[in-house]
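Heads up, target-v7.cif below (mmCIF, C-alpha atoms and all ligand atoms):
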data_start
#
loop_
_atom_site.group_PDB
_atom_site.id
_atom_site.type_symbol
_atom_site.label_atom_id
_atom_site.label_comp_id
_atom_site.auth_asym_id
_atom_site.auth_seq_id
_atom_site.Cartn_x
_atom_site.Cartn_y
_atom_site.Cartn_z
ATOM 1 C CA MET X 25 0.000 0.000 0.000
ATOM 2 C CA LYS X 26 1.213 3.461 -0.835
ATOM 3 C CA PRO X 27 1.358 5.911 2.062
ATOM 4 C CA GLN X 28 -1.631 8.238 2.304
ATOM 5 C CA THR X 29 0.317 11.343 1.243
ATOM 6 C CA GLU X 30 1.395 9.553 -1.901
ATOM 7 C CA THR X 31 -2.143 8.887 -3.096
ATOM 8 C CA ASN X 32 -3.770 11.939 -1.511
ATOM 9 C CA PRO X 33 -1.253 14.779 -1.237
ATOM 10 C CA LEU X 34 -3.869 17.518 -0.783
ATOM 11 C CA THR X 35 -4.887 18.278 2.799
ATOM 12 C CA ASN X 36 -8.353 18.751 1.374
ATOM 13 C CA LEU X 37 -9.875 19.005 -2.088
ATOM 14 C CA ASP X 38 -10.244 22.778 -1.776
ATOM 15 C CA GLU X 39 -6.493 23.189 -2.186
ATOM 16 C CA TRP X 40 -6.909 22.403 -5.856
ATOM 17 C CA GLU X 41 -9.627 25.015 -6.210
ATOM 18 C CA ASP X 42 -7.681 27.606 -4.206
ATOM 19 C CA ASP X 43 -4.846 27.039 -6.632
ATOM 20 C CA LEU X 44 -7.188 27.659 -9.571
ATOM 21 C CA LEU X 45 -7.917 31.060 -8.053
ATOM 22 C CA ARG X 46 -4.207 31.828 -7.980
ATOM 23 C CA ARG X 47 -3.924 30.832 -11.614
ATOM 24 C CA TYR X 48 -7.045 32.651 -12.718
ATOM 25 C CA PRO X 49 -7.486 35.517 -10.270
ATOM 26 C CA ASP X 50 -9.456 37.664 -12.670
ATOM 27 C CA PRO X 51 -12.978 36.685 -13.712
ATOM 28 C CA GLU X 52 -12.998 39.174 -16.577
ATOM 29 C CA SER X 53 -10.005 38.076 -18.581
ATOM 30 C CA ILE X 54 -8.062 35.024 -19.583
ATOM 31 C CA ALA X 55 -4.797 34.587 -17.686
ATOM 32 C CA ASP X 56 -2.079 36.321 -19.663
ATOM 33 C CA GLN X 57 1.534 35.263 -19.816
ATOM 34 C CA LYS X 58 2.481 37.519 -16.922
ATOM 35 C CA ALA X 59 -0.123 36.069 -14.637
ATOM 36 C CA VAL X 60 0.959 32.561 -15.574
ATOM 37 C CA THR X 61 4.619 33.362 -14.803
ATOM 38 C CA GLU X 62 3.730 34.897 -11.453
ATOM 39 C CA TYR X 63 1.723 31.873 -10.566
ATOM 40 C CA ARG X 64 4.537 29.513 -11.473
ATOM 41 C CA ASN X 65 6.826 31.363 -9.079
ATOM 42 C CA TYR X 66 4.318 31.158 -6.314
ATOM 43 C CA GLU X 67 5.907 28.968 -3.664
ATOM 44 C CA THR X 68 4.086 28.052 -0.500
ATOM 45 C CA PRO X 69 3.761 24.767 1.360
ATOM 46 C CA GLN X 70 0.238 24.463 -0.036
ATOM 47 C CA ARG X 71 1.604 24.979 -3.514
ATOM 48 C CA ASP X 72 3.855 21.961 -2.933
ATOM 49 C CA THR X 73 0.939 19.698 -2.191
ATOM 50 C CA VAL X 74 -0.730 20.928 -5.383
ATOM 51 C CA ARG X 75 2.477 20.162 -7.310
ATOM 52 C CA GLU X 76 2.625 16.701 -5.823
ATOM 53 C CA PHE X 77 -1.035 16.241 -6.677
ATOM 54 C CA TYR X 78 -0.492 17.127 -10.354
ATOM 55 C CA LYS X 79 2.582 14.952 -10.542
ATOM 56 C CA LEU X 80 0.441 11.943 -9.665
ATOM 57 C CA ASN X 81 -2.452 13.075 -11.843
ATOM 58 C CA HIS X 82 -0.289 13.594 -14.922
ATOM 59 C CA THR X 83 1.653 10.381 -14.373
ATOM 60 C CA TYR X 84 -1.270 8.004 -13.910
ATOM 61 C CA GLN X 85 -4.105 9.430 -16.038
ATOM 62 C CA THR X 86 -3.461 7.350 -19.142
ATOM 63 C CA TYR X 87 -5.873 6.337 -21.891
ATOM 64 C CA ASP X 88 -6.143 2.806 -20.445
ATOM 65 C CA PHE X 89 -6.682 4.146 -16.936
ATOM 66 C CA VAL X 90 -9.593 6.253 -18.181
ATOM 67 C CA LEU X 91 -11.218 3.278 -19.929
ATOM 68 C CA GLU X 92 -10.881 1.178 -16.794
ATOM 69 C CA LYS X 93 -12.491 3.844 -14.585
ATOM 70 C CA ARG X 94 -15.315 4.427 -17.057
ATOM 71 C CA ASN X 95 -15.945 0.727 -17.175
ATOM 72 C CA ASN X 96 -16.148 0.565 -13.395
ATOM 73 C CA PHE X 97 -17.954 3.761 -12.385
ATOM 74 C CA LEU X 98 -20.299 4.364 -15.310
ATOM 75 C CA ARG X 99 -22.230 1.254 -14.328
ATOM 76 C CA PHE X 100 -23.613 3.235 -11.391
ATOM 77 C CA ASP X 101 -23.920 0.111 -9.297
ATOM 78 C CA LYS X 102 -22.261 1.385 -6.102
ATOM 79 C CA LYS X 103 -25.066 3.113 -4.250
ATOM 80 C CA GLU X 104 -28.545 4.516 -4.722
ATOM 81 C CA MET X 105 -29.819 7.449 -2.673
ATOM 82 C CA PRO X 106 -31.944 10.593 -2.783
ATOM 83 C CA ILE X 107 -29.951 13.675 -3.718
ATOM 84 C CA TRP X 108 -30.248 14.997 -0.147
ATOM 85 C CA ALA X 109 -28.540 11.912 1.228
ATOM 86 C CA ALA X 110 -25.872 12.387 -1.447
ATOM 87 C CA PHE X 111 -25.166 15.890 -0.151
ATOM 88 C CA ASP X 112 -24.765 14.549 3.396
ATOM 89 C CA PHE X 113 -22.464 11.882 2.026
ATOM 90 C CA LEU X 114 -20.454 14.515 0.139
ATOM 91 C CA ASN X 115 -20.025 16.602 3.265
ATOM 92 C CA GLN X 116 -18.053 13.763 4.828
ATOM 93 C CA LEU X 117 -15.253 15.034 2.605
ATOM 94 C CA VAL X 118 -14.538 17.884 5.014
ATOM 95 C CA ASP X 119 -11.189 17.130 6.510
ATOM 96 C CA ASP X 120 -11.331 17.263 10.315
ATOM 97 C CA SER X 121 -7.606 17.720 10.562
ATOM 98 C CA ASP X 122 -7.747 21.028 8.732
ATOM 99 C CA PRO X 123 -9.197 23.858 10.853
ATOM 100 C CA ASP X 124 -8.964 26.234 7.875
ATOM 101 C CA THR X 125 -11.620 24.451 5.877
ATOM 102 C CA ASP X 126 -14.265 27.049 6.481
ATOM 103 C CA LEU X 127 -16.877 25.849 4.028
ATOM 104 C CA ASP X 128 -18.045 22.338 3.446
ATOM 105 C CA GLN X 129 -18.821 20.942 0.009
ATOM 106 C CA MET X 130 -22.534 21.650 0.242
ATOM 107 C CA GLN X 131 -21.841 25.300 0.954
ATOM 108 C CA HIS X 132 -19.680 25.677 -2.138
ATOM 109 C CA LEU X 133 -22.468 24.097 -4.176
ATOM 110 C CA LEU X 134 -25.118 26.381 -2.683
ATOM 111 C CA GLN X 135 -23.011 29.512 -3.086
ATOM 112 C CA THR X 136 -22.462 28.633 -6.724
ATOM 113 C CA SER X 137 -26.146 27.957 -7.369
ATOM 114 C CA GLU X 138 -27.305 31.035 -5.440
ATOM 115 C CA ALA X 139 -24.945 33.295 -7.415
ATOM 116 C CA ILE X 140 -26.399 31.852 -10.627
ATOM 117 C CA ARG X 141 -29.940 32.367 -9.343
ATOM 118 C CA ARG X 142 -29.235 35.983 -8.307
ATOM 119 C CA ASP X 143 -28.154 36.765 -11.852
ATOM 120 C CA GLY X 144 -31.473 35.520 -13.231
ATOM 121 C CA HIS X 145 -30.209 32.534 -15.228
ATOM 122 C CA PRO X 146 -32.576 29.642 -16.120
ATOM 123 C CA ASP X 147 -33.485 27.290 -13.280
ATOM 124 C CA TRP X 148 -31.699 24.310 -14.861
ATOM 125 C CA MET X 149 -28.470 26.308 -14.611
ATOM 126 C CA VAL X 150 -29.143 26.918 -10.912
ATOM 127 C CA LEU X 151 -29.474 23.158 -10.587
ATOM 128 C CA VAL X 152 -26.161 22.702 -12.428
ATOM 129 C CA GLY X 153 -24.575 24.979 -9.811
ATOM 130 C CA LEU X 154 -26.035 22.824 -7.063
ATOM 131 C CA ILE X 155 -24.817 19.495 -8.408
ATOM 132 C CA HIS X 156 -21.666 20.307 -10.406
ATOM 133 C CA ASP X 157 -19.281 18.840 -7.813
ATOM 134 C CA MET X 158 -21.444 15.933 -6.754
ATOM 135 C CA GLY X 159 -19.013 13.612 -8.564
ATOM 136 C CA LYS X 160 -16.520 14.224 -5.768
ATOM 137 C CA VAL X 161 -18.262 11.387 -3.936
ATOM 138 C CA LEU X 162 -15.765 9.259 -5.897
ATOM 139 C CA CYS X 163 -13.292 10.074 -3.107
ATOM 140 C CA LEU X 164 -15.639 8.389 -0.656
ATOM 141 C CA PHE X 165 -15.579 5.261 -2.797
ATOM 142 C CA GLY X 166 -11.846 5.120 -2.071
ATOM 143 C CA GLU X 167 -10.613 6.821 -5.234
ATOM 144 C CA PRO X 168 -7.381 8.820 -4.934
ATOM 145 C CA GLN X 169 -7.648 12.611 -5.220
ATOM 146 C CA TRP X 170 -5.816 12.675 -8.552
ATOM 147 C CA ALA X 171 -8.600 10.522 -10.074
ATOM 148 C CA VAL X 172 -11.373 12.795 -8.796
ATOM 149 C CA VAL X 173 -10.336 16.449 -9.012
ATOM 150 C CA GLY X 174 -7.820 18.597 -10.874
ATOM 151 C CA ASP X 175 -7.844 20.138 -14.330
ATOM 152 C CA THR X 176 -9.059 17.663 -16.929
ATOM 153 C CA PHE X 177 -7.536 17.099 -20.380
ATOM 154 C CA PRO X 178 -8.055 14.790 -23.370
ATOM 155 C CA VAL X 179 -6.334 11.403 -23.288
ATOM 156 C CA GLY X 180 -5.366 9.501 -26.440
ATOM 157 C CA CYS X 181 -3.607 12.468 -28.054
ATOM 158 C CA ALA X 182 -0.734 14.858 -27.277
ATOM 159 C CA HIS X 183 -0.732 16.668 -23.934
ATOM 160 C CA SER X 184 -0.830 20.398 -24.515
ATOM 161 C CA ASP X 185 1.828 22.508 -22.837
ATOM 162 C CA LYS X 186 -1.040 24.784 -21.808
ATOM 163 C CA ILE X 187 -2.111 22.198 -19.224
ATOM 164 C CA VAL X 188 -0.894 23.098 -15.738
ATOM 165 C CA PHE X 189 2.512 21.514 -14.898
ATOM 166 C CA PRO X 190 2.995 20.066 -18.408
ATOM 167 C CA GLU X 191 6.472 18.832 -17.448
ATOM 168 C CA PHE X 192 4.932 16.090 -15.296
ATOM 169 C CA PHE X 193 3.546 14.345 -18.376
ATOM 170 C CA ASP X 194 7.012 13.047 -19.071
ATOM 171 C CA ALA X 195 6.291 10.296 -16.528
ATOM 172 C CA ASN X 196 3.041 9.310 -18.298
ATOM 173 C CA PRO X 197 3.534 6.228 -20.539
ATOM 174 C CA ASP X 198 1.120 7.658 -23.165
ATOM 175 C CA HIS X 199 3.465 10.603 -23.576
ATOM 176 C CA HIS X 200 6.016 8.247 -25.145
ATOM 177 C CA ASN X 201 3.558 6.042 -27.051
ATOM 178 C CA GLU X 202 3.335 7.058 -30.698
ATOM 179 C CA ARG X 203 -0.273 5.944 -30.873
ATOM 180 C CA TYR X 204 -1.180 8.639 -28.359
ATOM 181 C CA ASN X 205 1.447 11.355 -28.506
ATOM 182 C CA THR X 206 0.715 13.092 -31.798
ATOM 183 C CA LYS X 207 -1.440 16.196 -32.102
ATOM 184 C CA TYR X 208 -4.563 14.195 -32.996
ATOM 185 C CA GLY X 209 -3.507 10.826 -31.574
ATOM 186 C CA ILE X 210 -6.372 8.361 -32.044
ATOM 187 C CA TYR X 211 -8.828 11.125 -33.045
ATOM 188 C CA GLU X 212 -9.774 12.859 -36.304
ATOM 189 C CA PRO X 213 -9.353 16.626 -36.746
ATOM 190 C CA ASN X 214 -12.372 18.485 -35.293
ATOM 191 C CA CYS X 215 -14.103 15.188 -34.498
ATOM 192 C CA GLY X 216 -16.099 16.782 -31.676
ATOM 193 C CA LEU X 217 -15.449 16.374 -27.967
ATOM 194 C CA ARG X 218 -18.195 13.779 -27.704
ATOM 195 C CA ASN X 219 -15.741 11.441 -29.442
ATOM 196 C CA VAL X 220 -12.817 12.346 -27.171
ATOM 197 C CA HIS X 221 -12.054 10.700 -23.839
ATOM 198 C CA MET X 222 -11.155 13.121 -21.067
ATOM 199 C CA SER X 223 -8.968 12.357 -18.055
ATOM 200 C CA TRP X 224 -11.119 10.683 -15.430
ATOM 201 C CA GLY X 225 -12.692 12.679 -12.617
ATOM 202 C CA HIS X 226 -15.774 14.208 -11.034
ATOM 203 C CA ASP X 227 -16.804 16.124 -14.182
ATOM 204 C CA GLU X 228 -17.234 13.143 -16.481
ATOM 205 C CA TYR X 229 -18.869 11.104 -13.725
ATOM 206 C CA VAL X 230 -21.552 13.673 -12.867
ATOM 207 C CA TYR X 231 -22.190 14.309 -16.569
ATOM 208 C CA HIS X 232 -23.126 10.668 -17.072
ATOM 209 C CA MET X 233 -25.209 10.686 -13.912
ATOM 210 C CA MET X 234 -27.245 13.633 -15.214
ATOM 211 C CA LYS X 235 -27.285 13.100 -18.941
ATOM 212 C CA ASP X 236 -30.954 12.160 -19.234
ATOM 213 C CA HIS X 237 -32.164 14.954 -16.990
ATOM 214 C CA LEU X 238 -30.740 18.319 -18.080
ATOM 215 C CA PRO X 239 -30.537 20.429 -21.239
ATOM 216 C CA GLU X 240 -27.404 19.934 -23.300
ATOM 217 C CA SER X 241 -25.975 23.337 -22.352
ATOM 218 C CA GLY X 242 -26.118 22.303 -18.686
ATOM 219 C CA LEU X 243 -24.506 18.970 -19.492
ATOM 220 C CA TYR X 244 -21.583 20.749 -21.163
ATOM 221 C CA MET X 245 -21.122 22.830 -18.000
ATOM 222 C CA LEU X 246 -20.990 19.678 -15.887
ATOM 223 C CA ARG X 247 -18.751 17.713 -18.203
ATOM 224 C CA TYR X 248 -16.115 20.344 -18.992
ATOM 225 C CA HIS X 249 -16.057 22.653 -15.987
ATOM 226 C CA SER X 250 -12.489 21.570 -15.061
ATOM 227 C CA PHE X 251 -11.213 21.592 -18.663
ATOM 228 C CA TYR X 252 -9.215 24.804 -18.130
ATOM 229 C CA ALA X 253 -6.809 23.966 -20.957
ATOM 230 C CA GLN X 254 -9.716 24.591 -23.308
ATOM 231 C CA HIS X 255 -12.186 26.968 -21.686
ATOM 232 C CA ARG X 256 -9.413 29.303 -20.474
ATOM 233 C CA GLU X 257 -6.435 28.438 -22.695
ATOM 234 C CA HIS X 258 -8.069 27.309 -25.980
ATOM 235 C CA ALA X 259 -5.536 24.520 -26.404
ATOM 236 C CA TYR X 260 -7.802 21.871 -27.938
ATOM 237 C CA GLU X 261 -9.790 23.673 -30.593
ATOM 238 C CA HIS X 262 -8.424 21.186 -33.145
ATOM 239 C CA LEU X 263 -10.555 18.443 -31.571
ATOM 240 C CA MET X 264 -13.727 20.501 -31.246
ATOM 241 C CA ASP X 265 -16.451 20.883 -33.846
ATOM 242 C CA GLU X 266 -18.720 23.880 -34.392
ATOM 243 C CA HIS X 267 -21.290 22.533 -32.008
ATOM 244 C CA ASP X 268 -18.714 22.283 -29.203
ATOM 245 C CA ALA X 269 -17.610 25.846 -29.901
ATOM 246 C CA LYS X 270 -21.179 27.064 -29.456
ATOM 247 C CA MET X 271 -21.714 24.980 -26.330
ATOM 248 C CA PHE X 272 -18.486 26.178 -24.725
ATOM 249 C CA GLU X 273 -20.062 29.607 -24.405
ATOM 250 C CA TRP X 274 -22.161 27.960 -21.697
ATOM 251 C CA VAL X 275 -19.109 26.419 -20.046
ATOM 252 C CA LYS X 276 -17.521 29.874 -19.951
ATOM 253 C CA LEU X 277 -20.675 31.390 -18.540
ATOM 254 C CA PHE X 278 -20.634 28.858 -15.738
ATOM 255 C CA ASN X 279 -16.953 29.044 -14.780
ATOM 256 C CA PRO X 280 -16.946 32.370 -12.843
ATOM 257 C CA TYR X 281 -19.795 31.145 -10.646
ATOM 258 C CA ASP X 282 -17.727 28.101 -9.702
ATOM 259 C CA LEU X 283 -14.472 30.003 -9.118
ATOM 260 C CA TYR X 284 -15.534 33.332 -7.692
ATOM 261 C CA SER X 285 -18.674 32.710 -5.659
ATOM 262 C CA LYS X 286 -16.854 31.576 -2.483
ATOM 263 C CA ASN X 287 -17.945 33.693 0.416
ATOM 264 C CA PRO X 288 -17.360 33.409 4.174
ATOM 265 C CA THR X 289 -21.059 33.866 4.931
ATOM 266 C CA PRO X 290 -22.776 30.490 4.809
ATOM 267 C CA PRO X 291 -26.065 30.376 2.881
ATOM 268 C CA ASP X 292 -29.175 29.923 5.009
ATOM 269 C CA TRP X 293 -30.087 26.378 4.093
ATOM 270 C CA LYS X 294 -33.345 26.341 6.096
ATOM 271 C CA GLU X 295 -34.642 29.290 4.172
ATOM 272 C CA LEU X 296 -33.424 28.001 0.801
ATOM 273 C CA ARG X 297 -34.493 24.388 1.151
ATOM 274 C CA PRO X 298 -38.090 24.677 -0.181
ATOM 275 C CA TYR X 299 -36.876 26.326 -3.397
ATOM 276 C CA TYR X 300 -34.238 23.658 -3.981
ATOM 277 C CA GLU X 301 -36.586 20.824 -3.135
ATOM 278 C CA SER X 302 -38.996 21.881 -5.829
ATOM 279 C CA LEU X 303 -36.148 22.503 -8.293
ATOM 280 C CA VAL X 304 -34.775 19.010 -7.727
ATOM 281 C CA THR X 305 -38.251 17.483 -8.049
ATOM 282 C CA LYS X 306 -38.765 19.288 -11.353
ATOM 283 C CA TYR X 307 -35.686 17.796 -13.017
ATOM 284 C CA LEU X 308 -34.436 14.738 -11.141
ATOM 285 C CA PRO X 309 -35.778 11.322 -10.160
ATOM 286 C CA ALA X 310 -36.459 10.563 -6.483
ATOM 287 C CA THR X 311 -33.160 8.727 -6.099
ATOM 288 C CA LEU X 312 -29.853 8.904 -7.936
ATOM 289 C CA LYS X 313 -27.611 5.992 -8.797
ATOM 290 C CA PHE X 314 -23.894 6.269 -7.979
HETATM 291 FE FE FE O 401 -15.694 20.778 -9.874
HETATM 292 FE FE FE O 402 -16.944 23.646 -7.869
#

Rewrite the structure from the file as structure tokens, please.
Amino acid sequence: MKPQTETNPLTNLDEWEDDLLRRYPDPESIADQKAVTEYRNYETPQRDTVREFYKLNHTYQTYDFVLEKRNNFLRFDKKEMPIWAAFDFLNQLVDDSDPDTDLDQMQHLLQTSEAIRRDGHPDWMVLVGLIHDMGKVLCLFGEPQWAVVGDTFPVGCAHSDKIVFPEFFDANPDHHNERYNTKYGIYEPNCGLRNVHMSWGHDEYVYHMMKDHLPESGLYMLRYHSFYAQHREHAYEHLMDEHDAKMFEWVKLFNPYDLYSKNPTPPDWKELRPYYESLVTKYLPATLKF
């Protein structure tokens, strides 16, 4: 067995998201070269755990690994529960050893959804805010952090140097496999992202969980919300088709709500609950399969 820090270097999952804020501090503009350089020089102990995290993620997320995880988790045969039980389950992710974790997972979800609601977006998008990180329950099924969170990227083709810590891909066997390490790899030019396998994590998992229940624009938000190499860096346009390009406008609309809605004031769940209960009833079945 590997030691715990080797599989789960982050003290808690929020460290990855805090790091995203360092990389993309400005909701209005794409990170420019200067911002990227500053971020790369940013050295703190927390930064080291994020580095260690990406080292594992980039080393082990191979094409075969992704197929194996899809084959296991997309059966949805692990657990069945109402969404409210799933939120309680998700909140077990709060790390007791870290006194700085001010907000639990449910609060991040509610702050995201409430920010979307305040801006008058359609109710299905509010629901997307509420459930977008539900896939993090994978951690509670014993999955290592690097197979649950982190920036996602296509597998089966070359790793872009626009992906965070691109140097760590050198340890990934696919990086040296000529089947997978060319620009298009196993894919056709502009084949559409629906034909492309992404690195495995909470985005792809929750997309499949929700795919019969939400409009396509919402499904794109769920499926690609951690695909920063595309929605912020535009590194994979050669795999996208026109339909993806249109749909990514929705992904971009969603991203600031995920990144910049964190707030020290916890939402008043008692007051909000009736609204969310009827929203969930409108779109989702009584229980969800995990
Ligand atoms: Fe997420
Ligand atoms: Fe999130």

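Where the distance criterion is 9 Å and the atoms used are all atoms listed in the file, the residues close to ligand FE 401 (chain O) are X:Glu41, X:His156, X:Asp157, X:Met158, X:Gly159, X:Lys160, X:Val173, X:Gly174, X:His226, X:Asp227, X:Leu246, X:His249, X:Ser250, X:Asp282.
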
Care to translate the PyMOL selection byres (((chain X and resi 288-302) around 8) and not hetatm) into actual residues of this file, as a ChimeraX atom specification? /X:126-127,131,134-135,286-287,303-306

Looking at all atoms listed in the file, which of X:Lys270, X:Gln254, X:Met234, X:Tyr248 is the one that sits closest to X:Trp148? X:Met234

Atom CA of X:Cys163 to atom CA of X:Met105: how many Å, to one decimal? 16.7 Å

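If you apply the PyMOL selection byres (((chain X and resi 113) around 12) and not hetatm) to this structure, you end up with X:Lys103, X:Glu104, X:Met105, X:Pro106, X:Ile107, X:Trp108, X:Ala109, X:Ala110, X:Phe111, X:Asp112, X:Leu114, X:Asn115, X:Gln116, X:Leu117, X:Val118, X:Asp128, X:Gln129, X:Met130, X:Met158, X:Gly159, X:Lys160, X:Val161, X:Leu162, X:Cys163, X:Leu164, X:Phe165, X:Phe314.
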
Check what the PyMOL selection byres (((chain X and resi 209) around 12) and not hetatm) selects in the file above and give those residues as a list in words. Tyr87, Pro178, Val179, Gly180, Cys181, Ala182, His183, Asp198, His199, His200, Asn201, Glu202, Arg203, Tyr204, Asn205, Thr206, Lys207, Tyr208, Ile210, Tyr211, Glu212, Pro213, Cys215, Val220, His221, His262 and Leu263 of chain X

Can you measure atom CA of X:Tyr84 to atom CA of X:Lys102 for me? One decimal in Å is fine.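 For atom CA of X:Tyr84 relative to atom CA of X:Lys102, the distance reads 23.4 Å.
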
Which is closest to X:Val188 among X:Asp50, X:Asp43, X:Glu167, X:Glu138, if we use all atoms listed in the file?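 Looking at the shortest contact to X:Val188, the residue is X:Asp43.
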
Mind pulling up the distance from atom CA of X:Asp194 to atom CA of X:Tyr231?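 For atom CA of X:Tyr231 relative to atom CA of X:Asp194, the distance reads 29.3 Å.
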
Closest to ligand FE 402 (chain O) among X:Leu34, X:Met222, X:Leu45, X:Ala171, using all atoms listed in the file?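 Selected residue with least distance to ligand FE 402 (chain O): X:Leu45.
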
When you get a chance, write out N, CA and C atoms for stretch 87-110 of chain X, as a JSON list (two decimals), in the coordinates of the input.
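Writing the result to part38.json gives the following:
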[["chain", "number", "residue", "atom", "x", "y", "z"],
["X", 87, "TYR", "N", -4.69, 6.75, -21.13],
["X", 87, "TYR", "CA", -5.87, 6.34, -21.89],
["X", 87, "TYR", "C", -6.48, 5.05, -21.29],
["X", 88, "ASP", "N", -5.64, 4.07, -21.00],
["X", 88, "ASP", "CA", -6.14, 2.81, -20.44],
["X", 88, "ASP", "C", -6.76, 3.00, -19.06],
["X", 89, "PHE", "N", -6.14, 3.86, -18.27],
["X", 89, "PHE", "CA", -6.68, 4.15, -16.94],
["X", 89, "PHE", "C", -8.10, 4.71, -17.05],
["X", 90, "VAL", "N", -8.28, 5.63, -17.99],
["X", 90, "VAL", "CA", -9.59, 6.25, -18.18],
["X", 90, "VAL", "C", -10.63, 5.20, -18.58],
["X", 91, "LEU", "N", -10.26, 4.32, -19.51],
["X", 91, "LEU", "CA", -11.22, 3.28, -19.93],
["X", 91, "LEU", "C", -11.60, 2.38, -18.76],
["X", 92, "GLU", "N", -10.63, 2.05, -17.94],
["X", 92, "GLU", "CA", -10.88, 1.18, -16.79],
["X", 92, "GLU", "C", -11.84, 1.85, -15.80],
["X", 93, "LYS", "N", -11.61, 3.13, -15.54],
["X", 93, "LYS", "CA", -12.49, 3.84, -14.58],
["X", 93, "LYS", "C", -13.90, 4.01, -15.15],
["X", 94, "ARG", "N", -13.99, 4.30, -16.43],
["X", 94, "ARG", "CA", -15.32, 4.43, -17.06],
["X", 94, "ARG", "C", -16.06, 3.10, -16.92],
["X", 95, "ASN", "N", -15.35, 2.05, -17.22],
["X", 95, "ASN", "CA", -15.94, 0.73, -17.18],
["X", 95, "ASN", "C", -16.44, 0.38, -15.77],
["X", 96, "ASN", "N", -15.75, 0.84, -14.77],
["X", 96, "ASN", "CA", -16.15, 0.56, -13.40],
["X", 96, "ASN", "C", -17.27, 1.51, -12.94],
["X", 97, "PHE", "N", -17.04, 2.82, -13.05],
["X", 97, "PHE", "CA", -17.95, 3.76, -12.38],
["X", 97, "PHE", "C", -19.18, 4.14, -13.21],
["X", 98, "LEU", "N", -19.13, 3.98, -14.52],
["X", 98, "LEU", "CA", -20.30, 4.36, -15.31],
["X", 98, "LEU", "C", -21.37, 3.26, -15.32],
["X", 99, "ARG", "N", -21.15, 2.23, -14.54],
["X", 99, "ARG", "CA", -22.23, 1.25, -14.33],
["X", 99, "ARG", "C", -23.22, 1.76, -13.29],
["X", 100, "PHE", "N", -22.76, 2.67, -12.45],
["X", 100, "PHE", "CA", -23.61, 3.24, -11.39],
["X", 100, "PHE", "C", -24.25, 2.13, -10.54],
["X", 101, "ASP", "N", -23.41, 1.22, -10.11],
["X", 101, "ASP", "CA", -23.92, 0.11, -9.30],
["X", 101, "ASP", "C", -23.38, 0.14, -7.86],
["X", 102, "LYS", "N", -22.89, 1.31, -7.43],
["X", 102, "LYS", "CA", -22.26, 1.38, -6.10],
["X", 102, "LYS", "C", -23.26, 1.70, -5.00],
["X", 103, "LYS", "N", -24.22, 2.58, -5.31],
["X", 103, "LYS", "CA", -25.07, 3.11, -4.25],
["X", 103, "LYS", "C", -26.25, 3.79, -4.91],
["X", 104, "GLU", "N", -27.40, 3.76, -4.22],
["X", 104, "GLU", "CA", -28.54, 4.52, -4.72],
["X", 104, "GLU", "C", -29.12, 5.32, -3.57],
["X", 105, "MET", "N", -29.32, 6.62, -3.78],
["X", 105, "MET", "CA", -29.82, 7.45, -2.67],
["X", 105, "MET", "C", -30.49, 8.70, -3.21],
["X", 106, "PRO", "N", -31.38, 9.31, -2.39],
["X", 106, "PRO", "CA", -31.94, 10.59, -2.78],
["X", 106, "PRO", "C", -30.83, 11.64, -2.80],
["X", 107, "ILE", "N", -31.01, 12.67, -3.59],
["X", 107, "ILE", "CA", -29.95, 13.68, -3.72],
["X", 107, "ILE", "C", -29.57, 14.27, -2.37],
["X", 108, "TRP", "N", -30.53, 14.38, -1.46],
["X", 108, "TRP", "CA", -30.25, 15.00, -0.15],
["X", 108, "TRP", "C", -29.31, 14.13, 0.67],
["X", 109, "ALA", "N", -29.47, 12.82, 0.55],
["X", 109, "ALA", "CA", -28.54, 11.91, 1.23],
["X", 109, "ALA", "C", -27.16, 12.02, 0.58],
["X", 110, "ALA", "N", -27.15, 12.25, -0.74],
["X", 110, "ALA", "CA", -25.87, 12.39, -1.45],
["X", 110, "ALA", "C", -25.11, 13.62, -0.95]]
